[in-house]
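S.K.: Okay, here's the structure, questions in a sec.
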Amino acid sequence: MSQNKPAVILLSGGLDSATCLAIARSKGFDAYCLSFDYGQRHNAELKAAARVAAALGATEHRVARIDLAAFGGSALTDASIDVPEDGVVHENEIPVTYVPARNTIMLSFALAWAEVLKSDDIYIGVNAVDYSGYPDCRPEYISAFQAMGRLATKVGVEGASLTIHTPLIRLTKAEIVETGTALGVDYSLTTTCYQADDEGRACGVCDACRLRRAGFEAAGVADPTRYRPAR
């Protein structure tokens with residue numbers, strides 16, 4: 001029986017969440033990984049999450065199913081909205097790949113599981129430097145959710161101190177790649193692309209692909225991403 005503390009890790013299967021998992025493991029946590037089948041464009045990232053969880057020694061990996069496609073409003077959950085391919089949006093412009101309230105919903109699920117596990121620790125790979133401008137990736141949002149979580153749970157009322165760990169929030173994409181590489185993350189297992197094909201190959205032109213490729217280039221690390229043939 002492990003004597004390590006449990007932590008819930010939100011694991012999408014992408015570069016950032018894989019690095020976040022590796023950091024949590026390096027801190028000695030037993031990792032309970034939580035992924036979501038939420039009506040996104042493809043399930044390649046869920047396959048990637050399973051690979052990453054196994055490779056990095058997660059204690060358990062669960063996939064929660066929620067239907068955000070029922071509401072749409074995002075290029076990731078609504079087939080009628082195209083994924084942008086013209087480059088990363090300008091600062092302060094929220095792109096159509098933003099999924100309404102996604103991190104709030106996912107963190108709420110993580111909060112519920114953490115309470116059952118008697119865990120005070122949740123890890124999420126949000127980033128406020130090289131990112132696509134999502135409002136639920138900002139430090140002030142994380143602080144607000146953490147305060148809410150301490151108020152909203154039985155364990156919080158009884159004195160437990162929930163911490164939402166965001167170890168990547170101030171890092172550039174290059175620094176994230178460097179950190180994960182040092183911790184032994186095999187990024188060939190991950191899928192970041194917003195519109196990966198059935199084989200998990202990336203499009204190379206969406207915001208997620210552009211930020212990922214630039215991160216590997218800036219870090220001087222070979223990019224292991226599999227790209228589908230150019231159209």
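Letters A, B, ... go to the chains of the structure tokens in the order shown; residues in each chain start at 1; ligands are counted from 1 in the same order.
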Would you kindly return, as a ChimeraX atom specification, each protein, DNA or RNA residue with an atom no farther than 7 Å from any atom of Ala7 in chain A, considering only C-alpha atoms and excluding same-chain residues fewer than 2 positions away?
M.R.: /A:5,9,29-32,119,121-122
S.K.: Counting only C-alpha atoms, which residues of range 7-80 of chain A fall within 10 Å of range 107-118 of chain A, and what is the closest atom pair for each with its distance in Å at one decimal, ordered by chain and rising number, as CSV?
M.R.:
```
residue,atom,partner,partner_atom,distance
A:Ala7,CA,A:Ala114,CA,7.1
A:Val8,CA,A:Ala114,CA,6.1
A:Ile9,CA,A:Ala110,CA,7.8
A:Leu10,CA,A:Ala110,CA,7.3
A:Tyr32,CA,A:Ala114,CA,8.9
A:Cys33,CA,A:Ala110,CA,9.1
A:Leu34,CA,A:Ala110,CA,7.1
A:Ser35,CA,A:Ala110,CA,9.6
A:Phe36,CA,A:Phe109,CA,9.7
A:Ala64,CA,A:Phe109,CA,8.4
```
S.K.: Point out the residue among A:Ile23, A:Ala128, A:Ala55, A:Ala174 with the least atom-to-atom distance to Ser188 in chain A, counting only C-alpha atoms.
M.R.: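 Closest to Ser188 in chain A, using only C-alpha atoms: A:Ala55.
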S.K.: Give me every strand (DSSP E) residue in range 35-215 of chain A, going by DSSP on the backbone, as a list of chain:residue names.
M.R.: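 Taking range 35-215 of chain A and keeping strand (DSSP E) only, one gets A:Ser35, A:Phe36, A:Asp37, A:Glu60, A:His61, A:Arg62, A:Val63, A:Ala64, A:Arg65, A:Asp121, A:Ile122, A:Tyr123, A:Thr163, A:Ile164, A:His165.
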S.K.: Any idea what's packed within 6 Å of range 77-80 of chain A, counting only C-alpha atoms, ignoring anything in its chain fewer than 2 positions away? Could you give it as a list in words?
M.R.: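 So, after excluding close chain neighbours, the residues are Gly39, Gln40, Ala69, Gly72, Ser74 and Ala75 of chain A.
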S.K.: Ranking A:Gly220, A:Pro229, A:Pro6, A:Gly14 by minimum distance to Tyr123 in chain A and counting only C-alpha atoms, which one comes first?
M.R.: A:Pro6
